[in-house]
>>> print(open('final_12.tsv').read())   # TSV, N, CA and C atoms
chain	number	residue	atom	x	y	z
Y	1	MET	N	15.16	12.21	70.09
Y	1	MET	CA	13.83	11.77	70.48
Y	1	MET	C	12.85	12.13	69.36
Y	2	ASP	N	12.09	11.13	68.94
Y	2	ASP	CA	11.07	11.36	67.91
Y	2	ASP	C	9.86	12.06	68.51
Y	3	ILE	N	9.32	13.00	67.76
Y	3	ILE	CA	8.09	13.67	68.13
Y	3	ILE	C	7.04	13.28	67.12
Y	4	SER	N	5.91	12.81	67.59
Y	4	SER	CA	4.82	12.39	66.71
Y	4	SER	C	3.52	13.04	67.17
Y	5	PHE	N	2.62	13.23	66.23
Y	5	PHE	CA	1.29	13.71	66.59
Y	5	PHE	C	0.28	13.27	65.55
Y	6	GLU	N	-0.97	13.29	65.96
Y	6	GLU	CA	-2.09	12.94	65.10
Y	6	GLU	C	-3.10	14.06	65.12
Y	7	GLN	N	-3.88	14.14	64.05
Y	7	GLN	CA	-4.96	15.12	63.98
Y	7	GLN	C	-6.13	14.46	63.26
Y	8	ALA	N	-7.26	14.42	63.92
Y	8	ALA	CA	-8.46	13.89	63.27
Y	8	ALA	C	-8.87	14.83	62.13
Y	9	ALA	N	-9.37	14.24	61.07
Y	9	ALA	CA	-9.82	15.03	59.92
Y	9	ALA	C	-11.07	14.39	59.33
Y	10	ARG	N	-11.97	15.23	58.92
Y	10	ARG	CA	-13.16	14.73	58.25
Y	10	ARG	C	-12.94	14.87	56.75
Y	11	ALA	N	-13.16	13.78	56.08
Y	11	ALA	CA	-13.05	13.78	54.62
Y	11	ALA	C	-14.41	13.48	54.03
Y	12	ARG	N	-14.56	13.83	52.78
Y	12	ARG	CA	-15.78	13.49	52.05
Y	12	ARG	C	-15.35	12.68	50.84
Y	13	LEU	N	-15.80	11.43	50.79
Y	13	LEU	CA	-15.53	10.58	49.64
Y	13	LEU	C	-16.48	10.99	48.53
Y	14	ILE	N	-15.96	11.30	47.37
Y	14	ILE	CA	-16.78	11.67	46.23
Y	14	ILE	C	-17.01	10.41	45.40
Y	15	THR	N	-18.26	9.99	45.30
Y	15	THR	CA	-18.59	8.75	44.60
Y	15	THR	C	-18.69	8.99	43.10
Y	16	ALA	N	-18.78	7.91	42.34
Y	16	ALA	CA	-18.94	7.98	40.89
Y	16	ALA	C	-20.23	8.71	40.52
Y	17	GLU	N	-21.21	8.70	41.42
Y	17	GLU	CA	-22.48	9.39	41.19
Y	17	GLU	C	-22.43	10.84	41.67
Y	18	ASP	N	-21.24	11.32	42.02
Y	18	ASP	CA	-21.02	12.69	42.49
Y	18	ASP	C	-21.68	12.96	43.85
Y	19	GLU	N	-21.86	11.94	44.65
Y	19	GLU	CA	-22.38	12.09	46.01
Y	19	GLU	C	-21.19	12.21	46.97
Y	20	GLU	N	-21.42	12.85	48.10
Y	20	GLU	CA	-20.39	13.00	49.12
Y	20	GLU	C	-20.73	12.12	50.32
Y	21	VAL	N	-19.80	11.25	50.67
Y	21	VAL	CA	-19.99	10.35	51.80
Y	21	VAL	C	-18.95	10.71	52.87
Y	22	PRO	N	-19.39	11.07	54.09
Y	22	PRO	CA	-18.42	11.42	55.14
Y	22	PRO	C	-17.54	10.22	55.49
Y	23	VAL	N	-16.25	10.48	55.64
Y	23	VAL	CA	-15.28	9.44	55.96
Y	23	VAL	C	-14.34	9.99	57.04
Y	24	PRO	N	-14.20	9.29	58.16
Y	24	PRO	CA	-13.23	9.74	59.16
Y	24	PRO	C	-11.81	9.39	58.71
Y	25	ALA	N	-10.88	10.25	59.03
Y	25	ALA	CA	-9.47	10.01	58.70
Y	25	ALA	C	-8.62	10.58	59.84
Y	26	THR	N	-7.41	10.10	59.93
Y	26	THR	CA	-6.45	10.62	60.90
Y	26	THR	C	-5.19	11.00	60.15
Y	27	LEU	N	-4.77	12.25	60.32
Y	27	LEU	CA	-3.52	12.73	59.75
Y	27	LEU	C	-2.44	12.49	60.80
Y	28	ARG	N	-1.28	11.95	60.37
Y	28	ARG	CA	-0.20	11.66	61.32
Y	28	ARG	C	1.13	12.18	60.79
Y	29	TYR	N	1.99	12.53	61.72
Y	29	TYR	CA	3.35	12.97	61.38
Y	29	TYR	C	4.28	12.51	62.48
Y	30	THR	N	5.52	12.15	62.09
Y	30	THR	CA	6.53	11.81	63.07
Y	30	THR	C	7.87	12.38	62.61
Y	31	SER	N	8.60	12.93	63.54
Y	31	SER	CA	9.91	13.49	63.21
Y	31	SER	C	10.89	12.39	62.81
Y	32	GLY	N	10.59	11.14	63.13
Y	32	GLY	CA	11.42	10.02	62.73
Y	32	GLY	C	11.37	9.75	61.23
Y	33	ASP	N	10.34	10.24	60.57
Y	33	ASP	CA	10.19	10.13	59.12
Y	33	ASP	C	9.76	11.51	58.62
Y	34	PRO	N	10.65	12.50	58.71
Y	34	PRO	CA	10.25	13.90	58.55
Y	34	PRO	C	9.80	14.31	57.14
Y	35	LEU	N	10.08	13.50	56.15
Y	35	LEU	CA	9.70	13.85	54.78
Y	35	LEU	C	8.29	13.38	54.45
Y	36	ALA	N	7.69	12.58	55.32
Y	36	ALA	CA	6.41	11.94	55.01
Y	36	ALA	C	5.28	12.42	55.90
Y	37	VAL	N	4.08	12.30	55.38
Y	37	VAL	CA	2.85	12.43	56.16
Y	37	VAL	C	2.05	11.16	55.94
Y	38	PHE	N	1.19	10.86	56.89
Y	38	PHE	CA	0.39	9.64	56.84
Y	38	PHE	C	-1.08	9.99	56.98
Y	39	VAL	N	-1.92	9.29	56.24
Y	39	VAL	CA	-3.37	9.44	56.37
Y	39	VAL	C	-3.92	8.05	56.64
Y	40	ASP	N	-4.54	7.89	57.81
Y	40	ASP	CA	-5.11	6.60	58.21
Y	40	ASP	C	-6.62	6.61	58.03
Y	41	PHE	N	-7.14	5.51	57.50
Y	41	PHE	CA	-8.58	5.33	57.37
Y	41	PHE	C	-8.98	4.08	58.15
Y	42	PRO	N	-10.05	4.16	58.95
Y	42	PRO	CA	-10.46	3.00	59.75
Y	42	PRO	C	-11.02	1.87	58.88
Y	43	ALA	N	-10.98	0.68	59.42
Y	43	ALA	CA	-11.41	-0.52	58.69
Y	43	ALA	C	-12.83	-0.41	58.14
Y	44	GLU	N	-13.73	0.23	58.88
Y	44	GLU	CA	-15.13	0.25	58.47
Y	44	GLU	C	-15.38	1.06	57.19
Y	45	VAL	N	-14.40	1.83	56.73
Y	45	VAL	CA	-14.61	2.62	55.51
Y	45	VAL	C	-13.74	2.15	54.35
Y	46	THR	N	-13.05	1.02	54.51
Y	46	THR	CA	-12.18	0.54	53.44
Y	46	THR	C	-12.79	-0.66	52.74
Y	47	LEU	N	-12.37	-0.88	51.51
Y	47	LEU	CA	-12.90	-2.01	50.72
Y	47	LEU	C	-12.56	-3.35	51.34
Y	48	GLY	N	-11.34	-3.48	51.88
Y	48	GLY	CA	-10.90	-4.76	52.43
Y	48	GLY	C	-11.29	-5.00	53.86
Y	49	GLY	N	-11.92	-4.01	54.52
Y	49	GLY	CA	-12.32	-4.18	55.90
Y	49	GLY	C	-11.17	-4.15	56.88
Y	50	GLU	N	-10.02	-3.60	56.45
Y	50	GLU	CA	-8.86	-3.45	57.33
Y	50	GLU	C	-8.42	-2.00	57.29
Y	51	GLU	N	-7.82	-1.53	58.39
Y	51	GLU	CA	-7.32	-0.16	58.42
Y	51	GLU	C	-6.32	0.04	57.28
Y	52	VAL	N	-6.38	1.19	56.65
Y	52	VAL	CA	-5.49	1.52	55.53
Y	52	VAL	C	-4.75	2.80	55.85
Y	53	THR	N	-3.46	2.80	55.58
Y	53	THR	CA	-2.63	4.00	55.75
Y	53	THR	C	-2.00	4.35	54.41
Y	54	TRP	N	-2.15	5.61	54.02
Y	54	TRP	CA	-1.47	6.15	52.85
Y	54	TRP	C	-0.33	7.01	53.35
Y	55	THR	N	0.83	6.87	52.71
Y	55	THR	CA	2.00	7.65	53.05
Y	55	THR	C	2.44	8.40	51.79
Y	56	PHE	N	2.70	9.69	51.96
Y	56	PHE	CA	3.19	10.46	50.83
Y	56	PHE	C	4.03	11.62	51.34
Y	57	ALA	N	4.69	12.30	50.43
Y	57	ALA	CA	5.63	13.36	50.78
Y	57	ALA	C	4.92	14.56	51.42
Y	58	ARG	N	5.51	15.04	52.49
Y	58	ARG	CA	5.00	16.25	53.12
Y	58	ARG	C	5.03	17.42	52.13
Y	59	SER	N	6.03	17.47	51.28
Y	59	SER	CA	6.13	18.54	50.28
Y	59	SER	C	4.98	18.47	49.28
Y	60	LEU	N	4.48	17.28	49.00
Y	60	LEU	CA	3.33	17.13	48.10
Y	60	LEU	C	2.10	17.78	48.72
Y	61	LEU	N	1.88	17.56	50.00
Y	61	LEU	CA	0.76	18.21	50.68
Y	61	LEU	C	0.92	19.72	50.63
Y	62	ASP	N	2.11	20.20	50.90
Y	62	ASP	CA	2.37	21.63	50.87
Y	62	ASP	C	2.07	22.21	49.48
Y	63	GLN	N	2.55	21.59	48.44
Y	63	GLN	CA	2.33	22.07	47.08
Y	63	GLN	C	0.85	21.99	46.70
Y	64	GLY	N	0.20	20.90	47.07
Y	64	GLY	CA	-1.19	20.67	46.68
Y	64	GLY	C	-2.20	21.59	47.33
Y	65	LEU	N	-1.82	22.25	48.40
Y	65	LEU	CA	-2.74	23.19	49.04
Y	65	LEU	C	-2.93	24.47	48.23
Y	66	SER	N	-1.98	24.75	47.32
Y	66	SER	CA	-2.09	25.99	46.53
Y	66	SER	C	-2.18	25.76	45.03
Y	67	ALA	N	-1.82	24.58	44.54
Y	67	ALA	CA	-1.85	24.31	43.11
Y	67	ALA	C	-1.88	22.79	42.89
Y	68	PRO	N	-2.36	22.33	41.75
Y	68	PRO	CA	-2.35	20.88	41.49
Y	68	PRO	C	-0.94	20.32	41.62
Y	69	ALA	N	-0.84	19.19	42.32
Y	69	ALA	CA	0.46	18.56	42.56
Y	69	ALA	C	0.29	17.05	42.60
Y	70	GLY	N	1.34	16.36	42.26
Y	70	GLY	CA	1.35	14.91	42.40
Y	70	GLY	C	1.49	14.18	41.10
Y	71	ARG	N	2.10	13.02	41.24
Y	71	ARG	CA	2.26	12.07	40.15
Y	71	ARG	C	2.12	10.70	40.78
Y	72	GLY	N	1.77	9.75	39.99
Y	72	GLY	CA	1.70	8.40	40.55
Y	72	GLY	C	0.45	8.17	41.37
Y	73	ASP	N	0.64	7.71	42.60
Y	73	ASP	CA	-0.47	7.23	43.42
Y	73	ASP	C	-1.26	8.30	44.15
Y	74	VAL	N	-0.69	9.49	44.35
Y	74	VAL	CA	-1.38	10.53	45.12
Y	74	VAL	C	-1.32	11.85	44.36
Y	75	HIS	N	-2.49	12.47	44.22
Y	75	HIS	CA	-2.61	13.79	43.58
Y	75	HIS	C	-3.40	14.68	44.53
Y	76	ILE	N	-2.99	15.94	44.64
Y	76	ILE	CA	-3.65	16.89	45.55
Y	76	ILE	C	-3.82	18.21	44.82
Y	77	TRP	N	-5.01	18.83	45.01
Y	77	TRP	CA	-5.24	20.14	44.40
Y	77	TRP	C	-6.34	20.89	45.13
Y	78	PRO	N	-6.29	22.24	45.05
Y	78	PRO	CA	-7.38	23.05	45.63
Y	78	PRO	C	-8.66	22.75	44.87
Y	79	CYS	N	-9.76	22.70	45.60
Y	79	CYS	CA	-11.03	22.31	44.98
Y	79	CYS	C	-12.15	23.20	45.55
Y	80	GLY	N	-12.31	24.36	44.97
Y	80	GLY	CA	-13.36	25.26	45.43
Y	80	GLY	C	-12.98	25.95	46.72
Y	81	PRO	N	-13.88	26.77	47.21
Y	81	PRO	CA	-13.58	27.53	48.42
Y	81	PRO	C	-13.51	26.63	49.66
Y	82	GLY	N	-12.34	26.60	50.26
Y	82	GLY	CA	-12.21	25.89	51.52
Y	82	GLY	C	-12.02	24.39	51.45
Y	83	ARG	N	-11.88	23.83	50.26
Y	83	ARG	CA	-11.69	22.38	50.15
Y	83	ARG	C	-10.44	22.06	49.35
Y	84	THR	N	-9.85	20.93	49.69
Y	84	THR	CA	-8.70	20.41	48.96
Y	84	THR	C	-9.02	18.96	48.59
Y	85	ALA	N	-8.80	18.64	47.31
Y	85	ALA	CA	-9.04	17.28	46.83
Y	85	ALA	C	-7.76	16.46	46.98
Y	86	VAL	N	-7.94	15.22	47.41
Y	86	VAL	CA	-6.84	14.27	47.49
Y	86	VAL	C	-7.31	13.01	46.78
Y	87	GLU	N	-6.56	12.62	45.77
Y	87	GLU	CA	-6.93	11.47	44.96
Y	87	GLU	C	-5.89	10.37	45.18
Y	88	PHE	N	-6.36	9.20	45.62
Y	88	PHE	CA	-5.50	8.06	45.88
Y	88	PHE	C	-5.73	7.01	44.80
Y	89	HIS	N	-4.65	6.54	44.18
Y	89	HIS	CA	-4.72	5.49	43.16
Y	89	HIS	C	-4.10	4.22	43.73
Y	90	SER	N	-4.78	3.10	43.54
Y	90	SER	CA	-4.24	1.81	43.97
Y	90	SER	C	-4.59	0.77	42.91
Y	91	PRO	N	-4.05	-0.43	43.01
Y	91	PRO	CA	-4.42	-1.48	42.06
Y	91	PRO	C	-5.91	-1.83	42.13
Y	92	HIS	N	-6.57	-1.47	43.24
Y	92	HIS	CA	-7.99	-1.77	43.43
Y	92	HIS	C	-8.91	-0.68	42.89
Y	93	GLY	N	-8.34	0.45	42.51
Y	93	GLY	CA	-9.15	1.53	41.99
Y	93	GLY	C	-8.67	2.88	42.46
Y	94	LEU	N	-9.58	3.82	42.43
Y	94	LEU	CA	-9.27	5.21	42.74
Y	94	LEU	C	-10.25	5.71	43.80
Y	95	ALA	N	-9.75	6.52	44.71
Y	95	ALA	CA	-10.62	7.17	45.70
Y	95	ALA	C	-10.35	8.66	45.65
Y	96	LEU	N	-11.41	9.44	45.49
Y	96	LEU	CA	-11.32	10.89	45.49
Y	96	LEU	C	-11.97	11.41	46.76
Y	97	LEU	N	-11.18	12.10	47.58
Y	97	LEU	CA	-11.68	12.65	48.83
Y	97	LEU	C	-11.46	14.15	48.84
Y	98	GLN	N	-12.32	14.84	49.56
Y	98	GLN	CA	-12.14	16.27	49.78
Y	98	GLN	C	-11.99	16.50	51.28
Y	99	PHE	N	-11.01	17.32	51.61
Y	99	PHE	CA	-10.73	17.68	53.00
Y	99	PHE	C	-10.92	19.19	53.16
Y	100	ASP	N	-11.18	19.61	54.39
Y	100	ASP	CA	-11.21	21.03	54.70
Y	100	ASP	C	-9.78	21.56	54.58
Y	101	THR	N	-9.60	22.57	53.73
Y	101	THR	CA	-8.26	23.10	53.48
Y	101	THR	C	-7.61	23.61	54.76
Y	102	GLN	N	-8.37	24.30	55.60
Y	102	GLN	CA	-7.79	24.84	56.83
Y	102	GLN	C	-7.29	23.74	57.76
Y	103	ALA	N	-7.99	22.60	57.80
Y	103	ALA	CA	-7.53	21.48	58.63
Y	103	ALA	C	-6.20	20.94	58.11
Y	104	LEU	N	-6.08	20.81	56.80
Y	104	LEU	CA	-4.82	20.34	56.22
Y	104	LEU	C	-3.71	21.36	56.45
Y	105	PHE	N	-4.03	22.63	56.29
Y	105	PHE	CA	-3.05	23.68	56.50
Y	105	PHE	C	-2.55	23.69	57.95
Y	106	ARG	N	-3.47	23.57	58.92
Y	106	ARG	CA	-3.08	23.53	60.34
Y	106	ARG	C	-2.16	22.33	60.61
Y	107	PHE	N	-2.53	21.18	60.05
Y	107	PHE	CA	-1.70	19.99	60.21
Y	107	PHE	C	-0.30	20.23	59.64
Y	108	LEU	N	-0.23	20.77	58.44
Y	108	LEU	CA	1.07	21.04	57.81
Y	108	LEU	C	1.89	22.02	58.65
Y	109	GLN	N	1.25	23.05	59.17
Y	109	GLN	CA	1.96	24.02	60.01
Y	109	GLN	C	2.53	23.34	61.25
Y	110	ARG	N	1.78	22.43	61.83
Y	110	ARG	CA	2.28	21.70	63.01
Y	110	ARG	C	3.50	20.87	62.65
Y	111	THR	N	3.49	20.26	61.45
Y	111	THR	CA	4.67	19.47	61.03
Y	111	THR	C	5.89	20.38	60.90
Y	112	HIS	N	5.67	21.60	60.39
Y	112	HIS	CA	6.77	22.55	60.22
Y	112	HIS	C	7.32	23.01	61.57
Y	113	GLU	N	6.47	23.03	62.59
Y	113	GLU	CA	6.94	23.39	63.93
Y	113	GLU	C	7.82	22.29	64.52
Y	114	VAL	N	7.54	21.05	64.14
Y	114	VAL	CA	8.34	19.92	64.64
Y	114	VAL	C	9.66	19.82	63.88
Y	115	VAL	N	9.59	19.85	62.55
Y	115	VAL	CA	10.78	19.82	61.69
Y	115	VAL	C	10.55	20.83	60.57
Y	116	ALA	N	11.31	21.90	60.60
Y	116	ALA	CA	11.15	22.94	59.58
Y	116	ALA	C	11.53	22.41	58.20
Y	117	PRO	N	10.84	22.86	57.16
Y	117	PRO	CA	11.21	22.46	55.80
Y	117	PRO	C	12.67	22.79	55.52
Y	118	GLY	N	13.37	21.84	54.94
Y	118	GLY	CA	14.79	22.02	54.65
Y	118	GLY	C	15.69	21.58	55.79
Y	119	GLN	N	15.12	21.31	56.96
Y	119	GLN	CA	15.91	20.89	58.12
Y	119	GLN	C	15.82	19.39	58.39
Y	120	GLU	N	15.20	18.65	57.48
Y	120	GLU	CA	15.05	17.21	57.65
Y	120	GLU	C	16.42	16.53	57.58
Y	121	ASP	N	16.62	15.53	58.39
Y	121	ASP	CA	17.86	14.76	58.37
Y	121	ASP	C	17.70	13.67	57.30
Y	122	VAL	N	17.96	14.04	56.07
Y	122	VAL	CA	17.73	13.15	54.93
Y	122	VAL	C	18.65	11.93	55.01
Y	123	GLU	N	19.86	12.11	55.46
Y	123	GLU	CA	20.80	10.99	55.56
Y	123	GLU	C	20.26	9.90	56.47
Y	124	ALA	N	19.70	10.29	57.61
Y	124	ALA	CA	19.13	9.31	58.54
Y	124	ALA	C	17.92	8.61	57.94
Y	125	VAL	N	17.10	9.35	57.19
Y	125	VAL	CA	15.93	8.75	56.54
Y	125	VAL	C	16.36	7.72	55.52
Y	126	VAL	N	17.35	8.06	54.70
Y	126	VAL	CA	17.85	7.13	53.69
Y	126	VAL	C	18.45	5.90	54.36
Y	127	GLU	N	19.23	6.11	55.40
Y	127	GLU	CA	19.85	4.98	56.11
Y	127	GLU	C	18.79	4.02	56.67
Y	128	ARG	N	17.74	4.56	57.30
Y	128	ARG	CA	16.66	3.71	57.83
Y	128	ARG	C	15.94	2.98	56.69
Y	129	GLY	N	15.70	3.68	55.60
Y	129	GLY	CA	15.03	3.05	54.47
Y	129	GLY	C	15.83	1.92	53.88
Y	130	LEU	N	17.13	2.13	53.71
Y	130	LEU	CA	17.98	1.06	53.17
Y	130	LEU	C	18.07	-0.11	54.15
Y	131	SER	N	18.14	0.19	55.43
Y	131	SER	CA	18.18	-0.86	56.44
Y	131	SER	C	16.92	-1.70	56.39
Y	132	THR	N	15.76	-1.03	56.26
Y	132	THR	CA	14.50	-1.74	56.16
Y	132	THR	C	14.44	-2.58	54.88
Y	133	LEU	N	14.86	-1.96	53.79
Y	133	LEU	CA	14.83	-2.64	52.48
Y	133	LEU	C	15.69	-3.90	52.47
Y	134	PHE	N	16.88	-3.80	53.04
Y	134	PHE	CA	17.80	-4.92	53.01
Y	134	PHE	C	17.76	-5.77	54.26
Y	135	GLY	N	16.87	-5.47	55.18
Y	135	GLY	CA	16.68	-6.30	56.37
Y	135	GLY	C	17.88	-6.37	57.27
Y	136	GLY	N	18.65	-5.30	57.35
Y	136	GLY	CA	19.81	-5.29	58.26
Y	136	GLY	C	20.96	-6.10	57.75
Y	137	VAL	N	20.99	-6.46	56.46
Y	137	VAL	CA	22.07	-7.24	55.88
Y	137	VAL	C	23.33	-6.44	55.79
>>> encode(input="final_12.tsv", output="C-alpha cells")
Amino acid sequence: MDISFEQAARARLITAEDEEVPVPATLRYTSGDPLAVFVDFPAEVTLGGEEVTWTFARSLLDQGLSAPAGRGDVHIWPCGPGRTAVEFHSPHGLALLQFDTQALFRFLQRTHEVVAPGQEDVEAVVERGLSTLFGGV
C-alpha cells in the first residue's frame, strides 16, 4: 500500500531586482516513488498559467539542507539563518526561491518515517520507470 502526504510551504521568489515575492507551494511525497520529492506550484504563480510540479531526488533535498547540492535543473543550498534556497532551471528561465529551512527539514523527516533512507525498493522504482518509458511494450 502506497503512503502519500502533502505539506503546504511558503516560498519567497527572489526577483532579478532582489525583491521577495510570496509564493504558495505544496511539498509532496509518496512511498510509491520513494526516491523522489515533488514541489507543486499553483497556476496563478506560474508563467504558463498552469499548475507546475518539479520532481527531484529526496537525497538532493537532504544534502541541500546542510551544504550546496545539485546539478542540472535543481540546486539547493543553505541561505542565511533559517532559509534554504532552491533554484529551478528550465528552458523558459530560472526561478530562485527561498523556503523556511525548518519546514523543509520537517517534510524530509516525515518522508524518512514513511521510507527510511536506504530502504527504498529501487528495483520496483526502476521497473515502473521502464514500464512507463516503454509504454508496457
>>> residues_around(input="final_12.tsv", residues="Ser90 (chain Y)", least_positions_apart="5", cutoff="8 Å", atoms="all atoms listed in the file", output="list in words")
Gly72, Asp73, Val74 and Ala95 of chain Y
>>> write_last_selection(input="final_12.tsv", atoms="N, CA and C atoms", output="compact mmCIF listing (two decimals), in the frame of the given file")
# COMPACT_ATOMS: atom_id res chain seq x y z
N GLY Y 72 1.77 9.75 39.99
CA GLY Y 72 1.70 8.40 40.55
C GLY Y 72 0.45 8.17 41.37
N ASP Y 73 0.64 7.71 42.60
CA ASP Y 73 -0.47 7.23 43.42
C ASP Y 73 -1.26 8.30 44.15
N VAL Y 74 -0.69 9.49 44.35
CA VAL Y 74 -1.38 10.53 45.12
C VAL Y 74 -1.32 11.85 44.36
N ALA Y 95 -9.75 6.52 44.71
CA ALA Y 95 -10.62 7.17 45.70
C ALA Y 95 -10.35 8.66 45.65
>>> closest_residue(input="final_12.tsv", among="Y:Gly70, Y:Gly64, Y:Gly82, Y:Pro42", to="Pro24 (chain Y)", atoms="only N, CA and C atoms")
Y:Pro42
>>> residues_around(input="final_12.tsv", residues="Arg58 (chain Y)", least_positions_apart="3", cutoff="5 Å", atoms="only N, CA and C atoms", output="list in words")
Leu35, Ala36, Val37, Leu61 and Asp62 of chain Y
>>> axis_aligned_box(input="final_12.tsv", around="region 105-124 of chain Y", padding_each_side="3 Å", output="JSON")
{"center_x": 8.4, "center_y": 16.3, "center_z": 59.6, "size_x": 30.8, "size_y": 21.4, "size_z": 16.0}
>>> select_by_dssp(input="final_12.tsv", residues="chain Y", states="strand (DSSP E or B)", output="PyMOL selection string")
chain Y and resi 4-14+20-30+36-41+52-57+69+74-78+83-90+93-100
>>> select_by_dssp(input="final_12.tsv", residues="region 5-135 of chain Y", states="helix (DSSP H, G or I)", output="PyMOL selection string")
chain Y and resi 43-45+58-64+101-114+122-134
>>> atom_distance(input="final_12.tsv", atom1="atom C of Thr26 (chain Y)", atom2="atom C of Leu133 (chain Y)")
26.8 Å
>>> residues_around(input="final_12.tsv", residues="Arg12 (chain Y)", least_positions_apart="6", cutoff="8 Å", atoms="only C-alpha atoms", output="mmCIF file with N, CA and C atoms, in the coordinates of the input")
data_model
loop_
_atom_site.group_PDB
_atom_site.id
_atom_site.type_symbol
_atom_site.label_atom_id
_atom_site.label_comp_id
_atom_site.auth_asym_id
_atom_site.auth_seq_id
_atom_site.Cartn_x
_atom_site.Cartn_y
_atom_site.Cartn_z
ATOM 1 N N GLU Y 20 -21.420 12.850 48.100
ATOM 2 C CA GLU Y 20 -20.390 13.000 49.120
ATOM 3 C C GLU Y 20 -20.730 12.120 50.320
ATOM 4 N N VAL Y 21 -19.800 11.250 50.670
ATOM 5 C CA VAL Y 21 -19.990 10.350 51.800
ATOM 6 C C VAL Y 21 -18.950 10.710 52.870
ATOM 7 N N PRO Y 22 -19.390 11.070 54.090
ATOM 8 C CA PRO Y 22 -18.420 11.420 55.140
ATOM 9 C C PRO Y 22 -17.540 10.220 55.490
ATOM 10 N N VAL Y 23 -16.250 10.480 55.640
ATOM 11 C CA VAL Y 23 -15.280 9.440 55.960
ATOM 12 C C VAL Y 23 -14.340 9.990 57.040
ATOM 13 N N LEU Y 97 -11.180 12.100 47.580
ATOM 14 C CA LEU Y 97 -11.680 12.650 48.830
ATOM 15 C C LEU Y 97 -11.460 14.150 48.840
ATOM 16 N N GLN Y 98 -12.320 14.840 49.560
ATOM 17 C CA GLN Y 98 -12.140 16.270 49.780
ATOM 18 C C GLN Y 98 -11.990 16.500 51.280
ATOM 19 N N PHE Y 99 -11.010 17.320 51.610
ATOM 20 C CA PHE Y 99 -10.730 17.680 53.000
ATOM 21 C C PHE Y 99 -10.920 19.190 53.160
#
>>> atom_distance(input="final_12.tsv", atom1="atom C of Gly48 (chain Y)", atom2="atom N of Ala11 (chain Y)")
19.0 Å
>>> residues_around(input="final_12.tsv", residues="Ser66 (chain Y)", least_positions_apart="5", cutoff="8 Å", atoms="all atoms listed in the file", output="PyMOL selection string")
chain Y and resi 61+76-78
>>> atom_distance(input="final_12.tsv", atom1="atom C of Pro34 (chain Y)", atom2="CA of Gln109 (chain Y)")
12.8 Å
>>> closest_residue(input="final_12.tsv", among="Y:Thr15, Y:Thr53, Y:Thr30, Y:Thr111", to="Leu96 (chain Y)", atoms="all atoms listed in the file")
Y:Thr15
>>> closest_residue(input="final_12.tsv", among="Y:Thr132, Y:Thr84, Y:Thr55, Y:Ser31", to="Val115 (chain Y)", atoms="only N, CA and C atoms")
Y:Ser31
>>> build_atoms(input="final_12.tsv", residues="region 109-120 of chain Y", atoms="N, CA, C and O atoms", output="PDB file, keeping the file's coordinate frame")
ATOM      1  N   GLN Y 109       1.250  23.050  59.170  1.00  0.00           N
ATOM      2  CA  GLN Y 109       1.960  24.020  60.010  1.00  0.00           C
ATOM      3  C   GLN Y 109       2.530  23.340  61.250  1.00  0.00           C
ATOM      4  O   GLN Y 109       3.655  23.640  61.668  1.00  0.00           O
ATOM      5  N   ARG Y 110       1.780  22.430  61.830  1.00  0.00           N
ATOM      6  CA  ARG Y 110       2.280  21.700  63.010  1.00  0.00           C
ATOM      7  C   ARG Y 110       3.500  20.870  62.650  1.00  0.00           C
ATOM      8  O   ARG Y 110       4.441  20.767  63.434  1.00  0.00           O
ATOM      9  N   THR Y 111       3.490  20.260  61.450  1.00  0.00           N
ATOM     10  CA  THR Y 111       4.670  19.470  61.030  1.00  0.00           C
ATOM     11  C   THR Y 111       5.890  20.380  60.900  1.00  0.00           C
ATOM     12  O   THR Y 111       6.993  19.990  61.260  1.00  0.00           O
ATOM     13  N   HIS Y 112       5.670  21.600  60.390  1.00  0.00           N
ATOM     14  CA  HIS Y 112       6.770  22.550  60.220  1.00  0.00           C
ATOM     15  C   HIS Y 112       7.320  23.010  61.570  1.00  0.00           C
ATOM     16  O   HIS Y 112       8.506  23.327  61.680  1.00  0.00           O
ATOM     17  N   GLU Y 113       6.470  23.030  62.590  1.00  0.00           N
ATOM     18  CA  GLU Y 113       6.940  23.390  63.930  1.00  0.00           C
ATOM     19  C   GLU Y 113       7.820  22.290  64.520  1.00  0.00           C
ATOM     20  O   GLU Y 113       8.731  22.565  65.293  1.00  0.00           O
ATOM     21  N   VAL Y 114       7.540  21.050  64.140  1.00  0.00           N
ATOM     22  CA  VAL Y 114       8.340  19.920  64.640  1.00  0.00           C
ATOM     23  C   VAL Y 114       9.660  19.820  63.880  1.00  0.00           C
ATOM     24  O   VAL Y 114      10.734  19.706  64.473  1.00  0.00           O
ATOM     25  N   VAL Y 115       9.590  19.850  62.550  1.00  0.00           N
ATOM     26  CA  VAL Y 115      10.780  19.820  61.690  1.00  0.00           C
ATOM     27  C   VAL Y 115      10.550  20.830  60.570  1.00  0.00           C
ATOM     28  O   VAL Y 115       9.682  20.628  59.716  1.00  0.00           O
ATOM     29  N   ALA Y 116      11.310  21.900  60.600  1.00  0.00           N
ATOM     30  CA  ALA Y 116      11.150  22.940  59.580  1.00  0.00           C
ATOM     31  C   ALA Y 116      11.530  22.410  58.200  1.00  0.00           C
ATOM     32  O   ALA Y 116      12.444  21.590  58.084  1.00  0.00           O
ATOM     33  N   PRO Y 117      10.840  22.860  57.160  1.00  0.00           N
ATOM     34  CA  PRO Y 117      11.210  22.460  55.800  1.00  0.00           C
ATOM     35  C   PRO Y 117      12.670  22.790  55.520  1.00  0.00           C
ATOM     36  O   PRO Y 117      13.157  23.865  55.880  1.00  0.00           O
ATOM     37  N   GLY Y 118      13.370  21.840  54.940  1.00  0.00           N
ATOM     38  CA  GLY Y 118      14.790  22.020  54.650  1.00  0.00           C
ATOM     39  C   GLY Y 118      15.690  21.580  55.790  1.00  0.00           C
ATOM     40  O   GLY Y 118      16.907  21.476  55.621  1.00  0.00           O
ATOM     41  N   GLN Y 119      15.120  21.310  56.960  1.00  0.00           N
ATOM     42  CA  GLN Y 119      15.910  20.890  58.120  1.00  0.00           C
ATOM     43  C   GLN Y 119      15.820  19.390  58.390  1.00  0.00           C
ATOM     44  O   GLN Y 119      16.295  18.899  59.409  1.00  0.00           O
ATOM     45  N   GLU Y 120      15.200  18.650  57.480  1.00  0.00           N
ATOM     46  CA  GLU Y 120      15.050  17.210  57.650  1.00  0.00           C
ATOM     47  C   GLU Y 120      16.420  16.530  57.580  1.00  0.00           C
ATOM     48  O   GLU Y 120      17.274  16.929  56.793  1.00  0.00           O
TER      49      GLU Y 120
END
